[in-house]
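The next block is start-v6.cif, given as mmCIF, C-alpha atoms, pLDDT in the B column; chains and numbers go by the auth columns.
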```cif
data_coords
#
loop_
_atom_site.group_PDB
_atom_site.id
_atom_site.type_symbol
_atom_site.label_atom_id
_atom_site.label_comp_id
_atom_site.label_asym_id
_atom_site.label_seq_id
_atom_site.Cartn_x
_atom_site.Cartn_y
_atom_site.Cartn_z
_atom_site.B_iso_or_equiv
_atom_site.auth_seq_id
_atom_site.auth_asym_id
ATOM 1 C CA MET A 1 40.514 -34.473 -44.645 78.00 1 A
ATOM 2 C CA LEU A 2 40.603 -31.424 -42.337 91.00 2 A
ATOM 3 C CA ASP A 3 39.077 -33.557 -39.580 91.00 3 A
ATOM 4 C CA SER A 4 40.692 -31.550 -36.783 92.00 4 A
ATOM 5 C CA LEU A 5 39.267 -28.276 -38.087 96.00 5 A
ATOM 6 C CA PHE A 6 35.779 -29.635 -38.657 96.00 6 A
ATOM 7 C CA GLU A 7 35.748 -31.181 -35.194 95.00 7 A
ATOM 8 C CA LYS A 8 35.820 -27.601 -33.891 96.00 8 A
ATOM 9 C CA TYR A 9 34.140 -25.538 -36.635 97.00 9 A
ATOM 10 C CA ASP A 10 30.946 -25.969 -38.630 97.00 10 A
ATOM 11 C CA ARG A 11 32.351 -24.233 -41.680 97.00 11 A
ATOM 12 C CA LEU A 12 35.433 -22.515 -43.060 98.00 12 A
ATOM 13 C CA MET A 13 35.420 -19.218 -44.927 98.00 13 A
ATOM 14 C CA LEU A 14 38.492 -18.654 -47.070 98.00 14 A
ATOM 15 C CA PHE A 15 38.724 -15.148 -48.491 98.00 15 A
ATOM 16 C CA ASP A 16 40.909 -12.766 -50.428 96.00 16 A
ATOM 17 C CA THR A 17 40.876 -9.062 -51.240 97.00 17 A
ATOM 18 C CA GLU A 18 42.190 -6.773 -53.937 96.00 18 A
ATOM 19 C CA THR A 19 42.839 -3.243 -52.716 98.00 19 A
ATOM 20 C CA THR A 20 43.881 0.198 -53.938 98.00 20 A
ATOM 21 C CA GLY A 21 47.093 -0.026 -51.918 97.00 21 A
ATOM 22 C CA LEU A 22 48.789 -1.453 -48.849 95.00 22 A
ATOM 23 C CA LEU A 23 47.613 0.951 -46.120 95.00 23 A
ATOM 24 C CA TYR A 24 44.476 -0.573 -44.649 91.00 24 A
ATOM 25 C CA SER A 25 43.620 2.561 -42.676 88.00 25 A
ATOM 26 C CA ARG A 26 43.559 4.628 -45.884 93.00 26 A
ATOM 27 C CA ASP A 27 43.248 2.381 -48.937 97.00 27 A
ATOM 28 C CA GLU A 28 40.094 0.532 -49.982 97.00 28 A
ATOM 29 C CA ILE A 29 38.975 -2.969 -50.917 98.00 29 A
ATOM 30 C CA ILE A 30 38.017 -3.060 -54.603 98.00 30 A
ATOM 31 C CA GLU A 31 37.286 -6.786 -54.868 97.00 31 A
ATOM 32 C CA PHE A 32 36.239 -9.278 -52.213 98.00 32 A
ATOM 33 C CA ALA A 33 36.018 -13.005 -52.881 97.00 33 A
ATOM 34 C CA ALA A 34 35.217 -15.837 -50.496 98.00 34 A
ATOM 35 C CA VAL A 35 34.569 -19.563 -50.518 97.00 35 A
ATOM 36 C CA VAL A 36 32.561 -21.175 -47.719 97.00 36 A
ATOM 37 C CA VAL A 37 33.446 -24.827 -47.129 95.00 37 A
ATOM 38 C CA GLU A 38 31.632 -27.464 -45.066 95.00 38 A
ATOM 39 C CA LYS A 39 32.124 -31.166 -44.508 92.00 39 A
ATOM 40 C CA GLN A 40 29.200 -33.265 -45.669 91.00 40 A
ATOM 41 C CA ASN A 41 29.179 -37.073 -45.584 90.00 41 A
ATOM 42 C CA GLY A 42 32.920 -37.071 -45.078 85.00 42 A
ATOM 43 C CA GLU A 43 33.607 -34.886 -48.119 87.00 43 A
ATOM 44 C CA ILE A 44 34.804 -31.278 -48.305 87.00 44 A
ATOM 45 C CA VAL A 45 32.041 -29.353 -50.068 90.00 45 A
ATOM 46 C CA VAL A 46 32.053 -25.754 -51.311 92.00 46 A
ATOM 47 C CA VAL A 47 28.635 -24.473 -50.259 95.00 47 A
ATOM 48 C CA GLN A 48 29.081 -20.867 -51.400 96.00 48 A
ATOM 49 C CA GLU A 49 31.290 -18.902 -53.766 96.00 49 A
ATOM 50 C CA TYR A 50 31.235 -15.119 -53.511 97.00 50 A
ATOM 51 C CA ASP A 51 32.960 -12.553 -55.708 97.00 51 A
ATOM 52 C CA GLN A 52 32.083 -8.863 -55.956 98.00 52 A
ATOM 53 C CA LEU A 53 33.710 -5.659 -57.098 98.00 53 A
ATOM 54 C CA ILE A 54 33.287 -2.925 -54.507 98.00 54 A
ATOM 55 C CA ALA A 55 32.334 0.681 -55.253 98.00 55 A
ATOM 56 C CA LEU A 56 34.880 3.296 -54.241 97.00 56 A
ATOM 57 C CA SER A 57 34.255 6.010 -51.685 95.00 57 A
ATOM 58 C CA PRO A 58 33.606 9.520 -53.095 95.00 58 A
ATOM 59 C CA GLY A 59 36.881 10.815 -54.489 94.00 59 A
ATOM 60 C CA GLY A 60 38.467 7.367 -54.477 95.00 60 A
ATOM 61 C CA PHE A 61 40.287 5.957 -57.485 97.00 61 A
ATOM 62 C CA VAL A 62 42.277 2.941 -58.616 98.00 62 A
ATOM 63 C CA PRO A 63 45.977 3.824 -58.977 98.00 63 A
ATOM 64 C CA PRO A 64 47.397 2.973 -62.423 98.00 64 A
ATOM 65 C CA GLN A 65 49.746 0.322 -61.013 97.00 65 A
ATOM 66 C CA ILE A 66 46.840 -1.436 -59.274 97.00 66 A
ATOM 67 C CA GLU A 67 44.747 -1.364 -62.448 97.00 67 A
ATOM 68 C CA GLN A 68 47.683 -2.823 -64.373 96.00 68 A
ATOM 69 C CA LEU A 69 48.165 -5.562 -61.755 94.00 69 A
ATOM 70 C CA THR A 70 44.513 -6.560 -61.295 95.00 70 A
ATOM 71 C CA GLY A 71 42.816 -5.410 -64.478 95.00 71 A
ATOM 72 C CA ILE A 72 40.211 -3.611 -62.350 97.00 72 A
ATOM 73 C CA SER A 73 39.479 -0.074 -63.570 97.00 73 A
ATOM 74 C CA ASN A 74 37.665 2.906 -62.113 98.00 74 A
ATOM 75 C CA GLU A 75 34.926 2.338 -64.685 98.00 75 A
ATOM 76 C CA ASP A 76 34.540 -1.289 -63.578 98.00 76 A
ATOM 77 C CA LEU A 77 33.912 -0.142 -60.022 98.00 77 A
ATOM 78 C CA ARG A 78 31.526 2.635 -61.089 97.00 78 A
ATOM 79 C CA SER A 79 29.441 0.340 -63.261 98.00 79 A
ATOM 80 C CA ARG A 80 29.598 -2.962 -61.353 98.00 80 A
ATOM 81 C CA GLY A 81 30.803 -2.225 -57.836 98.00 81 A
ATOM 82 C CA ILE A 82 28.362 -2.952 -55.005 98.00 82 A
ATOM 83 C CA PRO A 83 28.026 -0.574 -52.032 98.00 83 A
ATOM 84 C CA LYS A 84 30.348 -1.209 -49.105 98.00 84 A
ATOM 85 C CA THR A 85 27.342 -1.482 -46.786 98.00 85 A
ATOM 86 C CA ARG A 86 26.025 -4.404 -48.835 98.00 86 A
ATOM 87 C CA LEU A 87 29.409 -6.135 -48.704 98.00 87 A
ATOM 88 C CA CYS A 88 29.445 -5.773 -44.920 98.00 88 A
ATOM 89 C CA CYS A 89 25.999 -7.404 -44.689 98.00 89 A
ATOM 90 C CA ASP A 90 27.057 -10.220 -47.027 98.00 90 A
ATOM 91 C CA ILE A 91 30.182 -10.906 -44.960 98.00 91 A
ATOM 92 C CA ALA A 92 28.142 -10.968 -41.748 98.00 92 A
ATOM 93 C CA ARG A 93 25.925 -13.677 -43.228 98.00 93 A
ATOM 94 C CA MET A 94 28.863 -15.757 -44.485 97.00 94 A
ATOM 95 C CA ILE A 95 30.686 -15.818 -41.146 98.00 95 A
ATOM 96 C CA ALA A 96 27.628 -16.255 -38.925 97.00 96 A
ATOM 97 C CA GLY A 97 27.782 -19.099 -36.432 96.00 97 A
ATOM 98 C CA ASN A 98 30.780 -21.298 -35.774 97.00 98 A
ATOM 99 C CA THR A 99 32.980 -20.261 -38.708 98.00 99 A
ATOM 100 C CA LEU A 100 36.779 -20.246 -39.006 98.00 100 A
ATOM 101 C CA LEU A 101 38.283 -17.438 -41.121 98.00 101 A
ATOM 102 C CA LEU A 102 41.218 -18.363 -43.370 98.00 102 A
ATOM 103 C CA ALA A 103 43.392 -16.470 -45.829 98.00 103 A
ATOM 104 C CA TYR A 104 46.871 -16.570 -47.336 98.00 104 A
ATOM 105 C CA ASN A 105 48.623 -13.663 -45.589 97.00 105 A
ATOM 106 C CA ALA A 106 45.605 -13.290 -43.332 98.00 106 A
ATOM 107 C CA HIS A 107 46.913 -10.327 -41.329 98.00 107 A
ATOM 108 C CA PHE A 108 46.734 -8.159 -44.461 97.00 108 A
ATOM 109 C CA ASP A 109 43.233 -9.193 -45.504 97.00 109 A
ATOM 110 C CA LEU A 110 41.825 -9.167 -41.971 98.00 110 A
ATOM 111 C CA SER A 111 43.197 -5.666 -41.391 97.00 111 A
ATOM 112 C CA PHE A 112 41.393 -4.367 -44.479 97.00 112 A
ATOM 113 C CA LEU A 113 38.268 -6.268 -43.492 98.00 113 A
ATOM 114 C CA PHE A 114 38.250 -4.732 -40.011 97.00 114 A
ATOM 115 C CA TYR A 115 38.534 -1.171 -41.310 96.00 115 A
ATOM 116 C CA LEU A 116 35.828 -1.812 -43.905 97.00 116 A
ATOM 117 C CA LEU A 117 33.489 -2.988 -41.138 98.00 117 A
ATOM 118 C CA LEU A 118 34.530 -0.117 -38.879 97.00 118 A
ATOM 119 C CA ARG A 119 33.551 2.451 -41.506 96.00 119 A
ATOM 120 C CA ASP A 120 30.566 0.804 -43.172 97.00 120 A
ATOM 121 C CA GLY A 121 29.346 -2.105 -41.060 98.00 121 A
ATOM 122 C CA ASP A 122 29.756 -3.703 -37.647 98.00 122 A
ATOM 123 C CA PRO A 123 33.295 -4.749 -36.674 97.00 123 A
ATOM 124 C CA THR A 124 32.001 -6.721 -33.686 97.00 124 A
ATOM 125 C CA ILE A 125 30.993 -9.539 -36.068 97.00 125 A
ATOM 126 C CA LEU A 126 34.696 -10.495 -36.048 97.00 126 A
ATOM 127 C CA LYS A 127 34.733 -10.832 -32.259 95.00 127 A
ATOM 128 C CA GLY A 128 35.249 -14.409 -31.180 95.00 128 A
ATOM 129 C CA LYS A 129 36.032 -15.625 -34.700 98.00 129 A
ATOM 130 C CA ASP A 130 39.131 -17.788 -34.880 98.00 130 A
ATOM 131 C CA LYS A 131 41.598 -17.102 -37.664 98.00 131 A
ATOM 132 C CA LEU A 132 44.110 -19.175 -39.618 98.00 132 A
ATOM 133 C CA ASP A 133 46.904 -17.792 -41.775 98.00 133 A
ATOM 134 C CA LEU A 134 47.984 -20.268 -44.432 98.00 134 A
ATOM 135 C CA LEU A 135 51.061 -18.185 -45.260 98.00 135 A
ATOM 136 C CA THR A 136 52.342 -18.856 -41.740 98.00 136 A
ATOM 137 C CA VAL A 137 51.855 -22.588 -42.329 98.00 137 A
ATOM 138 C CA TYR A 138 53.662 -22.461 -45.666 97.00 138 A
ATOM 139 C CA LYS A 139 56.619 -20.534 -44.213 96.00 139 A
ATOM 140 C CA ASP A 140 56.987 -23.231 -41.560 96.00 140 A
ATOM 141 C CA ARG A 141 57.286 -25.953 -44.180 95.00 141 A
ATOM 142 C CA HIS A 142 59.074 -24.485 -47.193 93.00 142 A
ATOM 143 C CA SER A 143 61.985 -22.162 -47.801 89.00 143 A
ATOM 144 C CA TYR A 144 61.758 -18.696 -49.352 90.00 144 A
ATOM 145 C CA PRO A 145 60.047 -17.465 -51.555 93.00 145 A
ATOM 146 C CA HIS A 146 56.619 -17.684 -49.953 95.00 146 A
ATOM 147 C CA LYS A 147 54.093 -16.068 -52.288 95.00 147 A
ATOM 148 C CA LEU A 148 50.850 -17.851 -53.157 96.00 148 A
ATOM 149 C CA CYS A 149 52.235 -18.581 -56.629 95.00 149 A
ATOM 150 C CA ASN A 150 55.178 -20.369 -55.012 96.00 150 A
ATOM 151 C CA ALA A 151 52.853 -22.548 -52.930 97.00 151 A
ATOM 152 C CA ILE A 152 50.855 -23.393 -56.059 97.00 152 A
ATOM 153 C CA GLU A 153 54.034 -24.501 -57.832 96.00 153 A
ATOM 154 C CA VAL A 154 55.464 -26.469 -54.888 96.00 154 A
ATOM 155 C CA TYR A 155 52.210 -28.367 -54.353 97.00 155 A
ATOM 156 C CA GLY A 156 51.885 -29.140 -58.069 97.00 156 A
ATOM 157 C CA LEU A 157 48.644 -27.213 -58.525 97.00 157 A
ATOM 158 C CA ALA A 158 49.543 -25.107 -61.552 93.00 158 A
ATOM 159 C CA ASP A 159 47.292 -27.124 -63.846 93.00 159 A
ATOM 160 C CA GLN A 160 44.323 -26.834 -61.449 92.00 160 A
ATOM 161 C CA VAL A 161 44.283 -23.219 -60.272 92.00 161 A
ATOM 162 C CA VAL A 162 45.274 -19.702 -61.336 83.00 162 A
ATOM 163 C CA ASN A 163 47.140 -17.031 -59.362 80.00 163 A
ATOM 164 C CA SER A 164 45.991 -13.991 -61.309 80.00 164 A
ATOM 165 C CA HIS A 165 45.920 -11.134 -58.774 81.00 165 A
ATOM 166 C CA ARG A 166 42.145 -11.335 -58.903 89.00 166 A
ATOM 167 C CA ALA A 167 40.525 -12.199 -55.584 90.00 167 A
ATOM 168 C CA VAL A 168 38.218 -14.896 -56.935 88.00 168 A
ATOM 169 C CA ASP A 169 41.049 -16.825 -58.601 92.00 169 A
ATOM 170 C CA ASP A 170 43.340 -16.447 -55.618 93.00 170 A
ATOM 171 C CA VAL A 171 40.786 -17.646 -53.066 95.00 171 A
ATOM 172 C CA LEU A 172 39.965 -20.722 -55.151 93.00 172 A
ATOM 173 C CA ALA A 173 43.696 -21.390 -55.356 95.00 173 A
ATOM 174 C CA THR A 174 43.940 -20.979 -51.590 96.00 174 A
ATOM 175 C CA VAL A 175 41.328 -23.707 -51.093 94.00 175 A
ATOM 176 C CA GLU A 176 43.479 -26.157 -53.041 95.00 176 A
ATOM 177 C CA VAL A 177 46.642 -25.045 -51.241 97.00 177 A
ATOM 178 C CA MET A 178 44.877 -25.672 -47.912 96.00 178 A
ATOM 179 C CA LYS A 179 43.955 -29.206 -48.992 94.00 179 A
ATOM 180 C CA ALA A 180 47.541 -29.869 -50.092 96.00 180 A
ATOM 181 C CA MET A 181 48.855 -28.576 -46.770 97.00 181 A
ATOM 182 C CA GLU A 182 46.545 -30.890 -44.855 96.00 182 A
ATOM 183 C CA ALA A 183 47.684 -33.851 -46.950 95.00 183 A
ATOM 184 C CA GLU A 184 51.304 -32.847 -46.344 96.00 184 A
ATOM 185 C CA LYS A 185 50.948 -32.665 -42.541 96.00 185 A
ATOM 186 C CA ALA A 186 47.719 -32.720 -40.564 95.00 186 A
ATOM 187 C CA ASP A 187 48.480 -29.993 -38.031 97.00 187 A
ATOM 188 C CA LEU A 188 46.562 -26.988 -39.360 98.00 188 A
ATOM 189 C CA GLU A 189 44.580 -26.666 -36.130 98.00 189 A
ATOM 190 C CA ARG A 190 47.846 -25.868 -34.311 98.00 190 A
ATOM 191 C CA TYR A 191 48.100 -22.620 -36.314 98.00 191 A
ATOM 192 C CA VAL A 192 44.678 -21.223 -35.403 98.00 192 A
ATOM 193 C CA ASN A 193 45.158 -17.681 -34.055 98.00 193 A
ATOM 194 C CA LEU A 194 48.947 -17.989 -34.502 98.00 194 A
ATOM 195 C CA PHE A 195 50.538 -15.692 -37.085 98.00 195 A
ATOM 196 C CA GLY A 196 54.194 -15.499 -38.005 97.00 196 A
ATOM 197 C CA TYR A 197 55.957 -12.256 -38.881 96.00 197 A
ATOM 198 C CA ASN A 198 59.307 -11.252 -40.356 93.00 198 A
ATOM 199 C CA PRO A 199 61.554 -10.491 -37.366 92.00 199 A
ATOM 200 C CA LYS A 200 63.435 -7.887 -39.408 92.00 200 A
ATOM 201 C CA TYR A 201 60.328 -5.739 -39.943 91.00 201 A
ATOM 202 C CA GLY A 202 57.978 -6.703 -37.123 94.00 202 A
ATOM 203 C CA VAL A 203 54.188 -6.906 -37.375 95.00 203 A
ATOM 204 C CA GLU A 204 52.947 -4.600 -40.123 90.00 204 A
ATOM 205 C CA GLY A 205 50.373 -2.157 -38.798 89.00 205 A
ATOM 206 C CA LYS A 206 48.154 -2.864 -35.816 92.00 206 A
ATOM 207 C CA PRO A 207 48.191 -6.400 -34.349 96.00 207 A
ATOM 208 C CA ILE A 208 44.882 -8.277 -34.181 96.00 208 A
ATOM 209 C CA GLY A 209 43.929 -8.665 -30.539 94.00 209 A
ATOM 210 C CA SER A 210 42.839 -12.308 -30.713 95.00 210 A
ATOM 211 C CA VAL A 211 45.998 -13.425 -32.538 98.00 211 A
ATOM 212 C CA THR A 212 49.359 -14.477 -31.071 98.00 212 A
ATOM 213 C CA TYR A 213 52.248 -13.189 -33.193 98.00 213 A
ATOM 214 C CA LYS A 214 55.657 -14.872 -33.233 97.00 214 A
ATOM 215 C CA PRO A 215 58.805 -14.062 -35.232 96.00 215 A
ATOM 216 C CA GLN A 216 59.232 -16.544 -38.071 95.00 216 A
ATOM 217 C CA ARG A 217 62.460 -17.330 -39.884 86.00 217 A
ATOM 218 C CA TYR A 218 62.685 -17.769 -43.648 81.00 218 A
ATOM 219 C CA ASP A 219 64.145 -21.232 -43.014 80.00 219 A
ATOM 220 C CA PRO A 220 62.389 -22.463 -39.869 79.00 220 A
ATOM 221 C CA ILE A 221 64.036 -24.962 -37.532 83.00 221 A
ATOM 222 C CA ALA A 222 60.807 -26.118 -35.875 89.00 222 A
ATOM 223 C CA PRO A 223 57.059 -25.508 -36.210 95.00 223 A
ATOM 224 C CA LEU A 224 56.106 -22.072 -34.938 97.00 224 A
ATOM 225 C CA TYR A 225 53.668 -23.555 -32.425 97.00 225 A
ATOM 226 C CA GLN A 226 56.565 -25.341 -30.714 95.00 226 A
ATOM 227 C CA LEU A 227 58.712 -22.222 -30.295 89.00 227 A
#
```
The structure given in the file should be rewritten as structure tokens.
Amino acid sequence: MLDSLFEKYDRLMLFDTETTGLLYSRDEIIEFAAVVVEKQNGEIVVVQEYDQLIALSPGGFVPPQIEQLTGISNEDLRSRGIPKTRLCCDIARMIAGNTLLLAYNAHFDLSFLFYLLLRDGDPTILKGKDKLDLLTVYKDRHSYPHKLCNAIEVYGLADQVVNSHRAVDDVLATVEVMKAMEAEKADLERYVNLFGYNPKYGVEGKPIGSVTYKPQRYDPIAPLYQL
């Protein structure tokens, strides 16, 4: 499983964020979760699980609708949130070496990750890191709707994982969705550094320089890498 990816990469880091809003240049990450996966003796092995609440910047707060959605409160972040500088160091260690970065709706999470590193760490650690968006893969294979919860249902994973709007649950669900995608069609490597976007709205925010963006229909007629 995932032979084509592990022929090129030593490890995969799947990650997810919870944030105070949708504007990555203004809003903040309040939870960061990641799973590092390697292939050992022919088996996919989770070698690290990471989940931390992140302290807010001075004057920052969790909007009521975000607290209601995630269950993360201002008090949670004050009492248990780690400093952003520590998160940046932890991320640098997890993605060191020949690591592929994966997420479901990766443009969103990578945008927040870049601005976190720009403010509190070293954004150059992302340079040269290949990226894979599993939402793009799912949109190529299944009709609307395309949320993570829809992928969980379509792949029959509801009794194995939870889509709870908490980063740790969502990233563990993403691992299982990735495995199901590979079993469905072994072409994940064709989507590395290729992100789809809604042609009606365009790419949200600033494009990632190392990524090729292509318009992607709700009901695709061919794989995006062939268009």
Using the chain letters and numbers from the file, which residues does the PyMOL selection byres ((chain A and resi 170-183) around 9) grab, as a PyMOL selection string? chain A and resi 1-2+14-17+33-35+37+49+103-104+134+137-138+148+151-152+155+157+160-169+184-188
Name the residues that the PyMOL selection byres ((chain A and resi 51-66) around 9) pulls out of this structure, and write them as a short mmCIF file (atom, residue, chain, number, x, y, z; two decimals) with C-alpha atoms, keeping the file's coordinate frame.
```cif
data_model
loop_
_atom_site.label_atom_id
_atom_site.label_comp_id
_atom_site.auth_asym_id
_atom_site.auth_seq_id
_atom_site.Cartn_x
_atom_site.Cartn_y
_atom_site.Cartn_z
CA GLU A 18 42.19 -6.77 -53.94
CA THR A 19 42.84 -3.24 -52.72
CA THR A 20 43.88 0.20 -53.94
CA GLY A 21 47.09 -0.03 -51.92
CA ASP A 27 43.25 2.38 -48.94
CA GLU A 28 40.09 0.53 -49.98
CA ILE A 29 38.98 -2.97 -50.92
CA ILE A 30 38.02 -3.06 -54.60
CA GLU A 31 37.29 -6.79 -54.87
CA PHE A 32 36.24 -9.28 -52.21
CA ALA A 33 36.02 -13.00 -52.88
CA ALA A 34 35.22 -15.84 -50.50
CA VAL A 35 34.57 -19.56 -50.52
CA GLU A 49 31.29 -18.90 -53.77
CA TYR A 50 31.24 -15.12 -53.51
CA GLU A 67 44.75 -1.36 -62.45
CA GLN A 68 47.68 -2.82 -64.37
CA LEU A 69 48.16 -5.56 -61.76
CA THR A 70 44.51 -6.56 -61.30
CA GLY A 71 42.82 -5.41 -64.48
CA ILE A 72 40.21 -3.61 -62.35
CA SER A 73 39.48 -0.07 -63.57
CA ASN A 74 37.66 2.91 -62.11
CA ASP A 76 34.54 -1.29 -63.58
CA LEU A 77 33.91 -0.14 -60.02
CA ARG A 78 31.53 2.64 -61.09
CA SER A 79 29.44 0.34 -63.26
CA ARG A 80 29.60 -2.96 -61.35
CA GLY A 81 30.80 -2.22 -57.84
CA ILE A 82 28.36 -2.95 -55.00
CA PRO A 83 28.03 -0.57 -52.03
CA LYS A 84 30.35 -1.21 -49.10
CA LEU A 87 29.41 -6.14 -48.70
CA ALA A 167 40.52 -12.20 -55.58
CA VAL A 168 38.22 -14.90 -56.94
#
```
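Counting only C-alpha atoms, the residue from A:Arg217, A:Arg11, A:Lys127, A:Arg26 that sits nearest to Glu38 in chain A is A:Arg11.
If you look at CA of Pro223 in chain A and CA of Gly205 in chain A, they are 24.4 Å away from each other.
Interatomic distance, CA of Ala92 in chain A against CA of Ile125 in chain A: 6.5 Å.
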One decimal place gives the CA of Leu132 in chain A-CA of Met13 in chain A separation as 10.2 Å
Since I can't run it myself right now, could you work out what the PyMOL selection byres ((chain A and resi 200) around 10) selects here and report it as an NGL selection string? :A and (197-199 or 201-203 or 215-217)
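Distances from A:Arg119, A:Lys8, A:His107, A:Lys147 to Glu204 in chain A were compared using all atoms listed in the file, and the smallest one belongs to A:His107.
When only C-alpha atoms are used to compute distances to Thr136 in chain A, the closest of the residues A:Ile91, A:Leu224, A:Leu117, A:Leu100 turns out to be A:Leu224.
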Within 12 Å of (34.4, -27.0, -34.6) (file coordinates; all atoms listed in the file), which protein or nucleic acid residues are there? I'd like them as a count of residues only. 21
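Counting all atoms listed in the file and comparing A:Arg86, A:His142, A:Phe114, A:Asp109, the residue that lies closest to Ile221 in chain A is A:His142.
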Edge lengths and centre in Å to one decimal, as AutoDock Vina command-line options, of the axis-aligned box that encloses all listed atoms of range 132-151 of chain A with 3 Å added on every side?
```
--center_x 53.0 --center_y -21.0 --center_z -48.1 --size_x 23.9 --size_y 15.9 --size_z 23.0
```
Show me as an MDAnalysis selection string the residues that reach within 12 Å of (56.6, -26.4, -31.1), counting all atoms listed in the file and using the file's own coordinates. chainID A and resid 140 187 190:191 194 214 220:227
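Considering the residues A:Leu116, A:Asn105, A:Ser210, A:Leu126 and counting all atoms listed in the file, Gly196 in chain A has its shortest atom-to-atom contact with A:Asn105.
Counting all atoms listed in the file and comparing A:Val211, A:Ser111, A:Leu102, A:Leu118, the residue that lies closest to Cys88 in chain A is A:Leu118.
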Starting from the sparse input, extend range 38-44 of chain A to all heavy atoms and give the output as a PDB file, keeping the file's coordinate frame.
```pdb
ATOM      1  N   GLU A  38      32.150 -26.619 -46.145  1.00 95.00           N
ATOM      2  CA  GLU A  38      31.632 -27.464 -45.066  1.00 95.00           C
ATOM      3  C   GLU A  38      32.016 -28.912 -45.350  1.00 95.00           C
ATOM      4  O   GLU A  38      32.412 -29.258 -46.469  1.00 95.00           O
ATOM      5  CB  GLU A  38      30.107 -27.339 -44.949  1.00 95.00           C
ATOM      6  CG  GLU A  38      29.641 -25.953 -44.542  1.00 95.00           C
ATOM      7  CD  GLU A  38      28.125 -25.865 -44.404  1.00 95.00           C
ATOM      8  OE1 GLU A  38      27.437 -26.893 -44.625  1.00 95.00           O
ATOM      9  OE2 GLU A  38      27.628 -24.767 -44.080  1.00 95.00           O
ATOM     10  N   LYS A  39      31.894 -29.738 -44.331  1.00 92.00           N
ATOM     11  CA  LYS A  39      32.124 -31.166 -44.508  1.00 92.00           C
ATOM     12  C   LYS A  39      30.789 -31.881 -44.468  1.00 92.00           C
ATOM     13  O   LYS A  39      30.042 -31.787 -43.485  1.00 92.00           O
ATOM     14  CB  LYS A  39      33.047 -31.709 -43.420  1.00 92.00           C
ATOM     15  CG  LYS A  39      33.609 -33.085 -43.747  1.00 92.00           C
ATOM     16  CD  LYS A  39      34.809 -33.413 -42.876  1.00 92.00           C
ATOM     17  CE  LYS A  39      35.520 -34.652 -43.388  1.00 92.00           C
ATOM     18  NZ  LYS A  39      36.758 -34.943 -42.633  1.00 92.00           N
ATOM     19  N   GLN A  40      30.471 -32.566 -45.543  1.00 91.00           N
ATOM     20  CA  GLN A  40      29.200 -33.265 -45.669  1.00 91.00           C
ATOM     21  C   GLN A  40      29.463 -34.697 -46.107  1.00 91.00           C
ATOM     22  O   GLN A  40      30.092 -34.935 -47.140  1.00 91.00           O
ATOM     23  CB  GLN A  40      28.297 -32.551 -46.682  1.00 91.00           C
ATOM     24  CG  GLN A  40      27.962 -31.106 -46.303  1.00 91.00           C
ATOM     25  CD  GLN A  40      27.129 -30.399 -47.346  1.00 91.00           C
ATOM     26  OE1 GLN A  40      26.780 -30.968 -48.380  1.00 91.00           O
ATOM     27  NE2 GLN A  40      26.788 -29.138 -47.089  1.00 91.00           N
ATOM     28  N   ASN A  41      28.996 -35.641 -45.288  1.00 90.00           N
ATOM     29  CA  ASN A  41      29.179 -37.073 -45.584  1.00 90.00           C
ATOM     30  C   ASN A  41      30.641 -37.419 -45.814  1.00 90.00           C
ATOM     31  O   ASN A  41      30.990 -38.206 -46.692  1.00 90.00           O
ATOM     32  CB  ASN A  41      28.344 -37.478 -46.810  1.00 90.00           C
ATOM     33  CG  ASN A  41      26.859 -37.239 -46.605  1.00 90.00           C
ATOM     34  OD1 ASN A  41      26.316 -37.525 -45.540  1.00 90.00           O
ATOM     35  ND2 ASN A  41      26.203 -36.708 -47.629  1.00 90.00           N
ATOM     36  N   GLY A  42      31.497 -36.787 -45.003  1.00 85.00           N
ATOM     37  CA  GLY A  42      32.920 -37.071 -45.078  1.00 85.00           C
ATOM     38  C   GLY A  42      33.670 -36.379 -46.187  1.00 85.00           C
ATOM     39  O   GLY A  42      34.879 -36.551 -46.321  1.00 85.00           O
ATOM     40  N   GLU A  43      32.980 -35.581 -46.996  1.00 87.00           N
ATOM     41  CA  GLU A  43      33.607 -34.886 -48.119  1.00 87.00           C
ATOM     42  C   GLU A  43      33.645 -33.379 -47.881  1.00 87.00           C
ATOM     43  O   GLU A  43      32.729 -32.814 -47.272  1.00 87.00           O
ATOM     44  CB  GLU A  43      32.838 -35.169 -49.416  1.00 87.00           C
ATOM     45  CG  GLU A  43      32.795 -36.631 -49.815  1.00 87.00           C
ATOM     46  CD  GLU A  43      34.156 -37.167 -50.220  1.00 87.00           C
ATOM     47  OE1 GLU A  43      34.980 -36.374 -50.737  1.00 87.00           O
ATOM     48  OE2 GLU A  43      34.407 -38.372 -50.013  1.00 87.00           O
ATOM     49  N   ILE A  44      34.704 -32.733 -48.364  1.00 87.00           N
ATOM     50  CA  ILE A  44      34.804 -31.278 -48.305  1.00 87.00           C
ATOM     51  C   ILE A  44      33.966 -30.694 -49.433  1.00 87.00           C
ATOM     52  O   ILE A  44      34.222 -30.984 -50.610  1.00 87.00           O
ATOM     53  CB  ILE A  44      36.263 -30.814 -48.418  1.00 87.00           C
ATOM     54  CG1 ILE A  44      37.131 -31.498 -47.374  1.00 87.00           C
ATOM     55  CG2 ILE A  44      36.348 -29.302 -48.307  1.00 87.00           C
ATOM     56  CD1 ILE A  44      36.702 -31.250 -45.947  1.00 87.00           C
TER      57      ILE A  44
END
```
